[in-house]
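Asker: If it helps, the file is called start-v6.csv and holds CSV, C-alpha atoms:
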chain,number,residue,atom,x,y,z
A,281,MET,CA,53.8,-248.3,-129.9
A,282,LYS,CA,55.8,-251.5,-129.3
A,283,THR,CA,53.5,-254.5,-129.6
A,284,LEU,CA,54.3,-258.2,-129.1
A,285,GLU,CA,54.9,-258.5,-132.8
A,286,ASN,CA,58.1,-256.6,-132.3
A,287,LEU,CA,59.4,-259.3,-130.0
A,288,PHE,CA,61.2,-262.5,-130.9
A,289,LEU,CA,59.1,-265.2,-129.2
A,290,ALA,CA,60.2,-268.6,-130.6
A,291,GLY,CA,61.3,-270.7,-127.6
A,292,GLN,CA,61.1,-267.7,-125.3
A,293,ARG,CA,59.4,-267.6,-121.9
A,294,VAL,CA,56.9,-264.9,-122.4
A,295,LEU,CA,55.7,-263.4,-119.1
A,296,ILE,CA,52.4,-261.8,-119.8
A,297,ARG,CA,50.2,-259.8,-117.5
A,298,VAL,CA,46.5,-260.0,-118.3
A,299,ASP,CA,43.3,-258.9,-116.6
A,300,PHE,CA,41.4,-262.1,-115.6
A,301,ASN,CA,39.5,-260.3,-112.8
A,302,VAL,CA,36.2,-261.9,-114.0
A,303,PRO,CA,32.9,-262.3,-112.1
A,304,LEU,CA,32.3,-265.8,-110.6
A,305,THR,CA,29.2,-267.7,-109.8
A,306,GLU,CA,28.5,-268.9,-106.2
A,307,LYS,CA,30.0,-272.2,-107.3
A,308,GLY,CA,33.2,-270.5,-108.3
A,309,GLN,CA,32.7,-270.8,-112.0
A,310,VAL,CA,33.4,-268.0,-114.5
A,311,ALA,CA,30.1,-266.1,-114.9
A,312,ASN,CA,31.3,-263.8,-117.7
A,313,ASP,CA,34.4,-264.6,-119.7
A,314,LYS,CA,34.6,-261.3,-121.8
A,315,ARG,CA,38.0,-260.4,-120.4
A,316,ILE,CA,39.3,-263.9,-121.0
A,317,VAL,CA,38.1,-263.8,-124.6
A,318,ALA,CA,39.7,-260.4,-125.1
A,319,THR,CA,43.1,-261.8,-124.5
A,320,ILE,CA,42.8,-264.8,-126.8
A,321,PRO,CA,44.4,-263.1,-129.9
A,322,THR,CA,47.5,-262.2,-127.8
A,323,LEU,CA,47.8,-265.7,-126.3
A,324,LYS,CA,47.2,-267.3,-129.7
A,325,TYR,CA,49.9,-265.2,-131.3
A,326,ILE,CA,52.4,-266.2,-128.6
A,327,VAL,CA,51.9,-269.9,-128.8
A,328,GLU,CA,51.7,-269.9,-132.6
A,329,GLN,CA,55.1,-268.2,-132.6
A,330,GLY,CA,56.5,-271.0,-130.5
A,331,GLY,CA,56.6,-268.9,-127.3
A,332,LYS,CA,56.0,-270.3,-123.8
A,333,ALA,CA,53.1,-268.3,-122.3
A,334,ILE,CA,53.4,-267.7,-118.6
A,335,ILE,CA,50.4,-265.8,-117.4
A,336,LEU,CA,50.0,-263.4,-114.5
A,337,SER,CA,46.7,-262.0,-113.3
A,338,HIS,CA,44.8,-261.0,-110.2
A,339,LEU,CA,41.2,-261.9,-109.2
A,340,GLY,CA,39.1,-260.1,-106.7
A,341,ARG,CA,40.4,-258.4,-103.6
A,342,PRO,CA,42.1,-261.0,-101.4
A,343,LYS,CA,43.9,-259.7,-98.3
A,344,ALA,CA,47.4,-260.3,-99.6
A,345,GLU,CA,47.2,-264.0,-98.7
A,346,PRO,CA,45.7,-267.1,-100.4
A,347,GLU,CA,41.9,-267.4,-100.4
A,348,ALA,CA,40.3,-270.3,-102.2
A,349,LYS,CA,37.4,-268.3,-103.6
A,350,TYR,CA,39.9,-266.0,-105.4
A,351,SER,CA,42.1,-268.8,-106.9
A,352,LEU,CA,42.7,-268.6,-110.6
A,353,ARG,CA,42.4,-272.3,-111.0
A,354,GLN,CA,38.8,-272.1,-112.2
A,355,VAL,CA,39.9,-269.4,-114.7
A,356,ALA,CA,42.5,-271.8,-116.1
A,357,GLU,CA,39.7,-274.2,-117.0
A,358,ALA,CA,37.7,-271.5,-118.7
A,359,LEU,CA,40.8,-270.3,-120.6
A,360,ALA,CA,41.5,-273.8,-121.8
A,361,VAL,CA,38.1,-274.0,-123.4
A,362,ARG,CA,38.5,-270.7,-125.2
A,363,MET,CA,42.0,-271.5,-126.3
A,364,GLY,CA,41.2,-275.0,-127.4
A,365,GLN,CA,44.3,-276.4,-125.7
A,366,PRO,CA,45.3,-277.4,-122.2
A,367,VAL,CA,46.3,-274.7,-119.7
A,368,ASN,CA,48.7,-275.7,-117.0
A,369,PHE,CA,48.1,-274.2,-113.6
A,370,CYS,CA,50.4,-273.6,-110.7
A,371,ASP,CA,49.1,-272.7,-107.2
A,372,GLU,CA,52.1,-270.3,-106.7
A,373,ALA,CA,53.1,-267.2,-108.5
A,374,VAL,CA,56.7,-267.3,-107.1
A,375,GLY,CA,58.5,-270.0,-105.3
A,376,ASP,CA,60.0,-273.4,-106.1
A,377,LYS,CA,56.7,-274.9,-107.5
A,378,ALA,CA,56.3,-271.9,-109.8
A,379,THR,CA,59.9,-272.1,-110.9
A,380,GLU,CA,59.6,-275.8,-111.7
A,381,ALA,CA,56.3,-275.3,-113.5
A,382,VAL,CA,57.9,-272.7,-115.8
A,383,LYS,CA,60.9,-274.9,-116.4
A,384,ALA,CA,58.7,-277.8,-117.5
A,385,LEU,CA,56.9,-275.7,-120.1
A,386,ALA,CA,57.4,-276.5,-123.7
A,387,ALA,CA,57.2,-274.2,-126.7
A,388,GLY,CA,53.6,-273.4,-127.5
A,389,GLU,CA,52.3,-274.3,-124.1
A,390,ILE,CA,50.5,-272.1,-121.5
A,391,LEU,CA,50.9,-271.8,-117.8
A,392,LEU,CA,48.7,-269.7,-115.6
A,393,LEU,CA,50.3,-268.8,-112.2
A,394,GLU,CA,48.2,-268.2,-109.1
A,395,ASN,CA,46.7,-264.9,-108.2
A,396,VAL,CA,49.4,-262.3,-107.7
A,397,ARG,CA,47.3,-260.5,-105.1
A,398,PHE,CA,47.9,-263.4,-102.8
A,399,TYR,CA,51.2,-261.7,-102.1
A,400,PRO,CA,51.6,-258.4,-100.2
A,401,GLY,CA,54.4,-257.3,-102.6
A,402,GLU,CA,52.0,-257.1,-105.5
A,403,GLU,CA,49.9,-254.0,-104.5
A,404,GLN,CA,52.8,-252.5,-102.7
A,405,GLY,CA,54.8,-252.5,-106.0
A,406,ASP,CA,57.6,-254.3,-104.1
A,407,PRO,CA,60.8,-254.5,-106.3
A,408,THR,CA,61.8,-257.8,-104.7
A,409,PHE,CA,58.5,-259.5,-105.6
A,410,ALA,CA,58.7,-258.0,-109.1
A,411,ALA,CA,62.2,-259.4,-109.5
A,412,ALA,CA,60.9,-262.9,-108.4
A,413,LEU,CA,58.2,-262.7,-111.1
A,414,ALA,CA,60.7,-261.4,-113.7
A,415,GLN,CA,62.8,-264.6,-113.3
A,416,HIS,CA,60.0,-266.5,-115.0
A,417,GLY,CA,60.4,-264.7,-118.3
A,418,ASP,CA,62.7,-263.8,-121.1
A,419,CYS,CA,60.4,-261.0,-122.3
A,420,TYR,CA,57.4,-259.3,-120.9
A,421,VAL,CA,54.0,-258.4,-122.4
A,422,ASN,CA,51.4,-256.2,-120.6
A,423,ASP,CA,47.9,-256.9,-121.9
A,424,ALA,CA,46.0,-255.7,-118.8
A,425,PHE,CA,44.7,-252.3,-119.6
A,426,GLY,CA,42.2,-252.6,-116.7
A,427,THR,CA,45.0,-252.4,-114.2
A,428,ALA,CA,47.3,-250.0,-116.1
A,429,HIS,CA,46.5,-247.3,-113.7
A,430,ARG,CA,47.9,-249.3,-110.8
A,431,ALA,CA,51.7,-249.2,-110.1
A,432,HIS,CA,51.7,-252.8,-108.9
A,433,ALA,CA,54.6,-255.2,-109.1
A,434,SER,CA,53.2,-257.3,-112.0
A,435,THR,CA,51.8,-254.4,-114.0
A,436,THR,CA,54.6,-251.8,-113.7
A,437,VAL,CA,57.6,-252.6,-111.7
A,438,VAL,CA,58.4,-255.9,-113.4
A,439,ALA,CA,58.9,-254.1,-116.7
A,440,ASN,CA,62.2,-252.7,-115.3
A,441,HIS,CA,63.7,-256.1,-115.8
A,442,PHE,CA,63.0,-256.3,-119.5
A,443,LYS,CA,64.7,-253.4,-121.1
A,444,GLY,CA,64.2,-253.7,-124.9
A,445,LYS,CA,62.2,-256.9,-124.3
A,446,ALA,CA,58.8,-255.5,-123.2
A,447,ALA,CA,55.7,-254.7,-125.3
A,448,PHE,CA,52.0,-254.2,-125.3
A,449,GLY,CA,49.6,-257.0,-126.0
A,450,TYR,CA,46.7,-256.6,-128.5
A,451,VAL,CA,44.2,-255.7,-125.8
A,452,MET,CA,46.4,-252.9,-124.4
A,453,ALA,CA,47.3,-251.6,-127.9
A,454,ALA,CA,43.6,-251.6,-129.0
A,455,GLU,CA,42.6,-249.7,-125.8
A,456,ILE,CA,45.2,-247.0,-126.3
A,457,GLU,CA,44.5,-246.7,-130.0
A,458,ASN,CA,40.7,-246.4,-129.6
A,459,VAL,CA,40.7,-244.0,-126.7
A,460,ASN,CA,43.2,-241.8,-128.6
A,461,ARG,CA,40.9,-241.9,-131.6
A,462,VAL,CA,38.4,-240.0,-129.5
A,463,LEU,CA,41.0,-237.7,-127.8
A,464,VAL,CA,42.9,-236.7,-130.9
A,465,SER,CA,40.3,-237.4,-133.7
A,466,GLY,CA,39.9,-235.1,-136.6
A,467,GLU,CA,36.5,-236.7,-137.3
A,468,ARG,CA,34.1,-233.9,-136.3
A,469,PRO,CA,31.7,-233.1,-134.9
A,470,ALA,CA,32.8,-235.1,-131.8
A,471,LEU,CA,30.4,-235.8,-129.0
A,472,ALA,CA,30.8,-237.1,-125.5
A,473,ILE,CA,27.9,-238.5,-123.5
A,474,VAL,CA,28.7,-238.2,-119.8
A,475,GLY,CA,26.3,-239.7,-117.3
A,476,GLY,CA,26.3,-241.2,-113.9
A,477,SER,CA,25.3,-239.9,-110.6
A,478,LYS,CA,28.0,-237.4,-109.5
A,479,VAL,CA,29.5,-234.3,-111.1
A,480,SER,CA,32.4,-234.6,-108.6
A,481,SER,CA,33.6,-237.8,-110.1
A,482,LYS,CA,33.6,-236.4,-113.7
A,483,ILE,CA,35.1,-232.9,-113.2
A,484,ASN,CA,38.5,-233.8,-114.7
A,485,ILE,CA,37.0,-235.7,-117.6
A,486,LEU,CA,34.6,-232.9,-118.5
A,487,GLN,CA,37.5,-230.4,-118.3
A,488,ARG,CA,39.7,-232.4,-120.6
A,489,LEU,CA,37.0,-233.3,-123.1
A,490,MET,CA,36.3,-229.6,-123.7
A,491,ASP,CA,39.5,-229.3,-125.6
A,492,ARG,CA,38.6,-232.3,-127.8
A,493,VAL,CA,34.9,-232.4,-128.5
A,494,ASP,CA,32.2,-230.1,-129.9
A,495,HIS,CA,29.3,-231.3,-127.9
A,496,ILE,CA,28.8,-232.9,-124.5
A,497,ILE,CA,25.5,-234.5,-123.4
A,498,ILE,CA,25.3,-234.4,-119.6
A,499,GLY,CA,22.7,-236.9,-118.4
A,500,GLY,CA,21.9,-239.2,-115.5
A,501,GLY,CA,22.0,-238.1,-111.8
A,502,MET,CA,24.8,-235.6,-112.4
A,503,SER,CA,22.5,-233.4,-114.5
A,504,PHE,CA,20.4,-232.4,-111.5
A,505,THR,CA,23.4,-230.6,-109.9
A,506,PHE,CA,23.6,-228.4,-113.0
A,507,ILE,CA,19.9,-227.7,-113.1
A,508,LYS,CA,19.9,-226.8,-109.4
A,509,ALA,CA,22.8,-224.5,-110.0
A,510,ARG,CA,20.7,-222.7,-112.6
A,511,GLY,CA,17.9,-222.2,-110.0
A,512,GLY,CA,15.7,-225.2,-111.0
A,513,GLU,CA,13.7,-227.3,-108.7
A,514,VAL,CA,14.9,-230.9,-108.7
A,515,GLY,CA,12.7,-232.4,-105.9
A,516,GLU,CA,14.4,-235.3,-104.1
A,517,SER,CA,16.7,-236.0,-107.1
A,518,ILE,CA,20.4,-236.7,-106.4
A,519,CYS,CA,22.1,-233.4,-106.2
A,520,GLU,CA,25.6,-232.4,-105.0
A,521,MET,CA,24.8,-229.1,-103.2
A,522,ASP,CA,28.5,-228.6,-102.5
A,523,HIS,CA,29.3,-228.6,-106.3
A,524,LEU,CA,26.8,-226.0,-107.5
A,525,VAL,CA,29.7,-223.6,-108.1
A,526,THR,CA,31.6,-226.3,-109.9
A,527,ALA,CA,28.7,-226.9,-112.2
A,528,ARG,CA,28.4,-223.2,-113.0
A,529,ALA,CA,32.2,-223.0,-113.7
A,530,ILE,CA,31.9,-226.0,-116.1
A,531,GLU,CA,29.2,-224.3,-118.0
A,532,LYS,CA,31.3,-221.1,-118.2
A,533,ARG,CA,34.3,-223.0,-119.4
A,534,ALA,CA,32.2,-224.7,-122.1
A,535,MET,CA,31.0,-221.4,-123.4
A,536,GLU,CA,34.6,-220.1,-123.5
A,537,LYS,CA,35.7,-223.2,-125.4
A,538,ASN,CA,32.7,-223.0,-127.8
A,539,VAL,CA,31.5,-226.5,-126.6
A,540,GLN,CA,27.8,-227.0,-126.6
A,541,LEU,CA,26.4,-228.6,-123.5
A,542,HIS,CA,23.1,-230.5,-123.7
A,543,PHE,CA,21.0,-231.2,-120.7
A,544,PRO,CA,17.8,-233.2,-120.2
A,545,ILE,CA,14.6,-231.3,-121.0
A,546,ASP,CA,12.3,-233.6,-119.1
A,547,VAL,CA,12.5,-236.7,-116.8
A,548,VAL,CA,10.6,-239.7,-115.6
A,549,ALA,CA,10.2,-238.8,-112.0
A,550,ALA,CA,9.2,-241.3,-109.3
A,551,ASP,CA,7.9,-240.9,-105.7
A,552,ALA,CA,10.4,-243.5,-104.5
A,553,PHE,CA,13.6,-245.1,-105.6
A,554,ALA,CA,11.9,-248.4,-106.4
A,555,PRO,CA,10.8,-250.2,-109.6
A,556,GLU,CA,7.1,-250.2,-108.5
A,557,ALA,CA,7.1,-246.5,-107.6
A,558,ASN,CA,4.5,-244.1,-109.0
A,559,THR,CA,5.9,-242.1,-112.0
A,560,GLN,CA,5.2,-239.0,-113.9
A,561,ILE,CA,6.8,-237.0,-116.7
A,562,CYS,CA,7.9,-233.5,-115.7
A,563,ALA,CA,10.2,-230.7,-116.8
A,564,ILE,CA,13.7,-231.3,-115.3
A,565,GLU,CA,13.7,-227.8,-113.7
A,566,ALA,CA,10.2,-228.4,-112.1
A,567,ILE,CA,10.3,-231.7,-110.3
A,568,PRO,CA,7.8,-231.6,-107.5
A,569,ALA,CA,8.8,-232.0,-103.8
A,570,GLY,CA,9.0,-235.6,-102.8
A,571,TRP,CA,9.7,-236.8,-106.4
A,572,GLN,CA,13.0,-237.7,-108.0
A,573,GLY,CA,14.2,-238.0,-111.6
A,574,LEU,CA,15.2,-241.5,-112.4
A,575,ASP,CA,15.2,-241.6,-116.2
A,576,ALA,CA,15.4,-239.4,-119.3
A,577,GLY,CA,11.9,-238.2,-120.5
A,578,PRO,CA,10.6,-238.5,-124.1
A,579,GLU,CA,11.5,-235.0,-125.2
A,580,THR,CA,15.0,-235.5,-123.8
A,581,ILE,CA,15.4,-238.8,-125.7
A,582,LYS,CA,14.4,-237.0,-129.0
A,583,ALA,CA,16.8,-234.1,-128.4
A,584,PHE,CA,19.7,-236.3,-127.4
A,585,SER,CA,19.1,-238.6,-130.4
A,586,ARG,CA,19.3,-235.7,-132.8
A,587,VAL,CA,22.7,-234.8,-131.3
A,588,VAL,CA,23.9,-238.4,-131.5
A,589,ARG,CA,22.9,-238.6,-135.2
A,590,GLN,CA,25.0,-235.6,-136.1
A,591,ALA,CA,28.2,-236.8,-134.5
A,592,LYS,CA,31.1,-238.5,-136.4
A,593,THR,CA,33.0,-239.5,-133.3
A,594,LEU,CA,31.3,-240.4,-130.0
A,595,LEU,CA,32.4,-241.3,-126.5
A,596,TRP,CA,29.8,-242.8,-124.1
A,597,ASN,CA,30.6,-242.8,-120.4
A,598,GLY,CA,27.8,-243.2,-118.0
A,599,PRO,CA,24.0,-244.1,-118.2
A,600,LEU,CA,21.2,-241.6,-118.6
A,601,GLY,CA,19.0,-243.2,-115.9
A,602,VAL,CA,18.7,-246.0,-113.4
A,603,PHE,CA,18.9,-248.6,-116.1
A,604,GLU,CA,19.2,-251.4,-113.7
A,605,MET,CA,15.5,-251.1,-113.0
A,606,GLU,CA,13.4,-251.8,-116.1
A,607,ALA,CA,11.0,-249.0,-115.3
A,608,PHE,CA,13.8,-246.5,-115.7
A,609,ALA,CA,15.9,-248.1,-118.4
A,610,HIS,CA,14.2,-246.6,-121.5
A,611,GLY,CA,16.2,-243.5,-121.8
A,612,THR,CA,19.6,-245.3,-121.7
A,613,LYS,CA,18.4,-248.0,-124.0
A,614,ALA,CA,16.8,-245.6,-126.6
A,615,VAL,CA,19.9,-243.5,-126.8
A,616,GLY,CA,22.1,-246.6,-127.0
A,617,GLU,CA,20.1,-247.9,-129.9
A,618,GLU,CA,20.5,-244.5,-131.6
A,619,ILE,CA,24.2,-244.8,-131.2
A,620,ALA,CA,24.1,-248.3,-132.6
A,621,LYS,CA,22.3,-247.0,-135.7
A,622,ALA,CA,24.7,-244.1,-136.2
A,623,THR,CA,27.7,-246.5,-135.8
A,624,LYS,CA,26.3,-248.7,-138.6
A,625,GLU,CA,26.2,-245.6,-140.8
A,626,GLY,CA,29.9,-244.8,-140.1
A,627,GLN,CA,30.1,-243.1,-136.7
A,628,PHE,CA,33.0,-244.2,-134.5
A,629,SER,CA,31.6,-245.0,-131.1
A,630,LEU,CA,33.6,-245.8,-128.0
A,631,VAL,CA,31.9,-247.0,-124.8
A,632,GLY,CA,33.8,-247.0,-121.6
A,633,GLY,CA,33.3,-246.9,-117.9
A,634,GLY,CA,31.7,-249.8,-116.0
A,635,ASP,CA,28.0,-248.7,-116.0
A,636,SER,CA,28.0,-247.8,-119.7
A,637,VAL,CA,29.5,-251.2,-120.6
A,638,SER,CA,27.0,-252.9,-118.4
A,639,ALA,CA,24.2,-251.0,-120.1
A,640,VAL,CA,25.1,-251.9,-123.6
A,641,GLU,CA,25.5,-255.6,-122.6
A,642,GLN,CA,22.2,-255.6,-120.9
A,643,PHE,CA,20.5,-254.2,-124.0
A,644,GLY,CA,22.3,-256.5,-126.4
A,645,LEU,CA,24.1,-253.6,-128.1
A,646,SER,CA,27.8,-254.5,-127.5
A,647,ASP,CA,28.3,-255.9,-131.0
A,648,ARG,CA,26.9,-252.8,-132.6
A,649,MET,CA,29.4,-250.3,-131.1
A,650,SER,CA,32.8,-249.6,-132.6
A,651,TYR,CA,34.7,-250.4,-129.5
A,652,ILE,CA,33.9,-251.4,-125.9
A,653,SER,CA,36.6,-250.6,-123.4
A,654,THR,CA,37.6,-253.2,-120.9
A,655,GLY,CA,39.4,-250.6,-118.8
A,656,GLY,CA,36.9,-249.1,-116.4
A,657,GLY,CA,38.9,-247.0,-114.0
A,658,ALA,CA,42.0,-247.1,-116.2
A,659,MET,CA,40.1,-245.7,-119.2
A,660,LEU,CA,38.7,-242.9,-117.1
A,661,GLU,CA,42.1,-241.9,-115.8
A,662,TYR,CA,43.5,-242.0,-119.3
A,663,LEU,CA,40.7,-239.7,-120.5
A,664,GLU,CA,41.5,-237.4,-117.6
A,665,GLY,CA,45.0,-237.1,-119.1
A,666,LYS,CA,46.8,-239.0,-116.3
A,667,THR,CA,49.9,-241.0,-117.0
A,668,LEU,CA,49.1,-244.6,-116.5
A,669,PRO,CA,52.0,-246.4,-114.8
A,670,GLY,CA,51.4,-249.7,-116.7
A,671,ILE,CA,51.6,-247.9,-120.0
A,672,GLN,CA,54.6,-245.7,-119.1
A,673,ALA,CA,56.6,-248.7,-117.8
A,674,ILE,CA,56.5,-250.3,-121.3
A,675,LEU,CA,57.4,-247.0,-123.0
A,676,ASP,CA,60.3,-246.6,-120.6
A,677,SER,CA,61.6,-250.1,-121.2
A,678,GLU,CA,62.2,-249.5,-124.9
Output the file's structure in the form of structure tokens.
Answerer:
Amino acid sequence: MKTLENLFLAGQRVLIRVDFNVPLTEKGQVANDKRIVATIPTLKYIVEQGGKAIILSHLGRPKAEPEAKYSLRQVAEALAVRMGQPVNFCDEAVGDKATEAVKALAAGEILLLENVRFYPGEEQGDPTFAAALAQHGDCYVNDAFGTAHRAHASTTVVANHFKGKAAFGYVMAAEIENVNRVLVSGERPALAIVGGSKVSSKINILQRLMDRVDHIIIGGGMSFTFIKARGGEVGESICEMDHLVTARAIEKRAMEKNVQLHFPIDVVAADAFAPEANTQICAIEAIPAGWQGLDAGPETIKAFSRVVRQAKTLLWNGPLGVFEMEAFAHGTKAVGEEIAKATKEGQFSLVGGGDSVSAVEQFGLSDRMSYISTGGGAMLEYLEGKTLPGIQAILDSE
């Protein structure tokens, strides 16, 4: 894997794609700078080596034209605080102003260019736009794993202009290394916890994981489709009736692969999807009509915790209940704390996928996991075995 350490950076214009797609407050300030912080080691290395850091990123979903609320100007200010040095900002990504701003940059300085999604050529993967971006750099570093699954101009196409002078940043390298540790690990038993609401969105991941793990815990809303497929009564719980055959096929494949599937035993059921709803504990296959399962029950938590404690390698993708509501957060939190304990005792734990990451942050467990993926959709596609264009572009440029 070619990282930025393999590049000669002194005096060079280093064009670097990062993922600064951060949440903002109503006043336009950065609400959570986790993604900014993640890139600091890469940026520090570039400036300490005497490189000129020219940063590309997107923010939000503008309609391929400038929108003030999606400007990266406010991100430049947050980055300057974290870097402990000034960050220049240009309100263009390409054009005369951008060219002049790059030209004025001295060794060790940083320039953040305006949101690349203000230009239609970005999401179209337009070669002309990519060529205009490429003119800003002598070498190219991709450190935006969160957009590696998009064949956009700044994430993929631009790398064509840097044969032998393109590399991964530290965020990208760490993501690839840590996800691969789960996919190809010899540390067994290996466990995947797959939650969330829909089986349909996790079919490919479940299929691929069966060749790589020994146990899979299936929790959250998606478990009800499996229980229904077995003939259980799930009340008003979320259930994909058009995927009952799929659920049975997944169970059959797991048996053939000698992978043990673990399902909830009991649930916290509610008579409404609301935090103040009436609740009761009931067996997952016997949820009364008019009630819906919204969290893992006490016996489920005990059973899942036992499986977690036995694992040497663990992937967590998806919550075990509606953790956003305090009344139904206990299952996700309890199993998360069990993972944190096991991690302290030597387990390798990888957390990825938006809701899982949100859950560990909500419960203050982020620092107690081995690795938290910043990738979201990119990590899921990587787990599914798909070729990510942002990664392949760097590999092809060597």
Asker: Of the candidates A:Lys377, A:Arg461, A:Arg468, A:His429, which shows the shortest atom-to-atom distance to Tyr651 of chain A, using only C-alpha atoms?
Answerer: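 Ranked by minimum distance to Tyr651 of chain A, first place goes to A:Arg461.
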Asker: Identify, on the basis of only C-alpha atoms, every residue whose closest approach to Phe506 of chain A does not exceed 9 Å; exclude the query and any residue fewer than 3 positions from it along the same chain; express the result as a ChimeraX atom specification.
Answerer: /A:479,502-503,509-512,519,523-524,526-528,531,543
Asker: In terms of the shortest atom-to-atom distance over all atoms listed in the file, which of A:Thr580, A:Asn597, A:Gln672, A:Asn286 is closest to Ile456 of chain A?
Answerer: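 Once distances to Ile456 of chain A are computed over all atoms listed in the file, the minimum belongs to A:Gln672.
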Asker: Given all atoms listed in the file as the basis, pick out the residue of A:Ile485, A:Ala424, A:Leu391, A:Ile498 nearest to Gly449 of chain A.
Answerer: A:Ala424
Asker: Enter the distance from atom CA of Asp371 of chain A to atom CA of Arg430 of chain A, in Å, rounded to one decimal.
Answerer: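 Separating atom CA of Asp371 of chain A from atom CA of Arg430 of chain A is a distance of 23.7 Å.
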Asker: For a quick check of understanding, using all atoms listed in the file, which of A:Leu323, A:Cys419, A:Leu392, A:Leu463 has the smallest distance to Gly364 of chain A?
Answerer: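 Nearest candidate to Gly364 of chain A out of A:Leu323, A:Cys419, A:Leu392, A:Leu463: A:Leu323.
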Asker: Please compute the atom CA of Met535 of chain A-atom CA of Glu661 of chain A distance, one decimal, in Å.
Answerer: 24.5 Å
Asker: Just give me the gap between atom CA of Ser638 of chain A and atom CA of Ile483 of chain A in Å, one decimal is fine.
Answerer: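 Distance between the two atoms: 22.2 Å.
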Asker: Given the choices A:Ala344, A:Ala639, A:Ala290, A:Leu339, which gets closest to Gly475 of chain A if the distance is worked out from only C-alpha atoms?
Answerer: A:Ala639
Asker: So which residues touch segment 620-626 of chain A within 12 Å, counting all atoms listed in the file, skipping near sequence neighbours fewer than 3 positions away, as an NGL selection string?
Answerer: :A and (467 or 585-596 or 613-617 or 629-631 or 640 or 643-651)
Asker: Just the residues within 10 Å of Val382 of chain A, please, counting only C-alpha atoms, with nothing from its chain fewer than 6 positions along; format it as a list in words.
Answerer: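 Residues near the query, excluding close chain neighbours: Arg293, Lys332, Ala333, Ile334, Asn368, Cys370, Asp376, Ile390, Leu391, Leu392, Leu393, Gln415, His416 and Gly417 of chain A.
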Asker: Using only C-alpha atoms, which residue out of A:Ala529, A:Ala348, A:Val367, A:Val374 lies closest to Lys307 of chain A?
Answerer: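 Smallest separation from Lys307 of chain A among the options: A:Ala348.
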Asker: I need every residue sitting at most 8 Å from the point (46.1, -274.3, -109.5) (coordinates as in the file, all atoms listed in the file considered), written as a PyMOL selection string.
Answerer: chain A and resi 351-353+356+369-372+393-394
Asker: Please provide as a list in words all residues within 8 Å of Ile296 of chain A, with the sequence filter that same-chain residues fewer than 6 positions apart are discarded (counting only C-alpha atoms).
Answerer: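 Surrounding residues, per the criterion: Ala333, Ile334, Ile335, Leu336, Tyr420, Val421, Asn422 and Asp423 of chain A.
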Asker: Neighbouring residues of Asn538 of chain A were defined as those with any atom within 10 Å, considering only C-alpha atoms; residues of the same chain fewer than 5 positions away were excluded. Please report them as a list of chain:residue names.
Answerer: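 My reading of the contact set: A:Met490, A:Asp491, A:Val493, A:Asp494, A:His495, A:Lys532, A:Arg533.
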Asker: Can segment 288-299 of chain A be brought up to N, CA and C atoms and written out as a PDB file, keeping the file's coordinate frame?
Answerer:
ATOM      1  N   PHE A 288      60.888-261.142-130.424  1.00  0.00           N
ATOM      2  CA  PHE A 288      61.200-262.500-130.900  1.00  0.00           C
ATOM      3  C   PHE A 288      60.698-263.461-129.840  1.00  0.00           C
ATOM      4  N   LEU A 289      59.765-264.346-130.211  1.00  0.00           N
ATOM      5  CA  LEU A 289      59.100-265.200-129.200  1.00  0.00           C
ATOM      6  C   LEU A 289      59.420-266.659-129.277  1.00  0.00           C
ATOM      7  N   ALA A 290      59.926-267.147-130.388  1.00  0.00           N
ATOM      8  CA  ALA A 290      60.200-268.600-130.600  1.00  0.00           C
ATOM      9  C   ALA A 290      61.079-269.137-129.467  1.00  0.00           C
ATOM     10  N   GLY A 291      60.551-270.092-128.692  1.00  0.00           N
ATOM     11  CA  GLY A 291      61.300-270.700-127.600  1.00  0.00           C
ATOM     12  C   GLY A 291      61.518-269.863-126.405  1.00  0.00           C
ATOM     13  N   GLN A 292      60.948-268.647-126.415  1.00  0.00           N
ATOM     14  CA  GLN A 292      61.100-267.700-125.300  1.00  0.00           C
ATOM     15  C   GLN A 292      60.041-267.897-124.244  1.00  0.00           C
ATOM     16  N   ARG A 293      60.413-267.640-123.013  1.00  0.00           N
ATOM     17  CA  ARG A 293      59.400-267.600-121.900  1.00  0.00           C
ATOM     18  C   ARG A 293      58.800-266.219-121.922  1.00  0.00           C
ATOM     19  N   VAL A 294      57.541-266.163-122.308  1.00  0.00           N
ATOM     20  CA  VAL A 294      56.900-264.900-122.400  1.00  0.00           C
ATOM     21  C   VAL A 294      56.004-264.640-121.194  1.00  0.00           C
ATOM     22  N   LEU A 295      56.456-263.749-120.343  1.00  0.00           N
ATOM     23  CA  LEU A 295      55.700-263.400-119.100  1.00  0.00           C
ATOM     24  C   LEU A 295      54.671-262.373-119.513  1.00  0.00           C
ATOM     25  N   ILE A 296      53.424-262.722-119.349  1.00  0.00           N
ATOM     26  CA  ILE A 296      52.400-261.800-119.800  1.00  0.00           C
ATOM     27  C   ILE A 296      51.369-261.518-118.707  1.00  0.00           C
ATOM     28  N   ARG A 297      51.154-260.234-118.483  1.00  0.00           N
ATOM     29  CA  ARG A 297      50.200-259.800-117.500  1.00  0.00           C
ATOM     30  C   ARG A 297      48.853-259.515-118.179  1.00  0.00           C
ATOM     31  N   VAL A 298      47.810-260.211-117.749  1.00  0.00           N
ATOM     32  CA  VAL A 298      46.500-260.000-118.300  1.00  0.00           C
ATOM     33  C   VAL A 298      45.520-259.597-117.185  1.00  0.00           C
ATOM     34  N   ASP A 299      44.294-259.277-117.567  1.00  0.00           N
ATOM     35  CA  ASP A 299      43.300-258.900-116.600  1.00  0.00           C
ATOM     36  C   ASP A 299      42.189-259.991-116.601  1.00  0.00           C
TER      37      ASP A 299
END
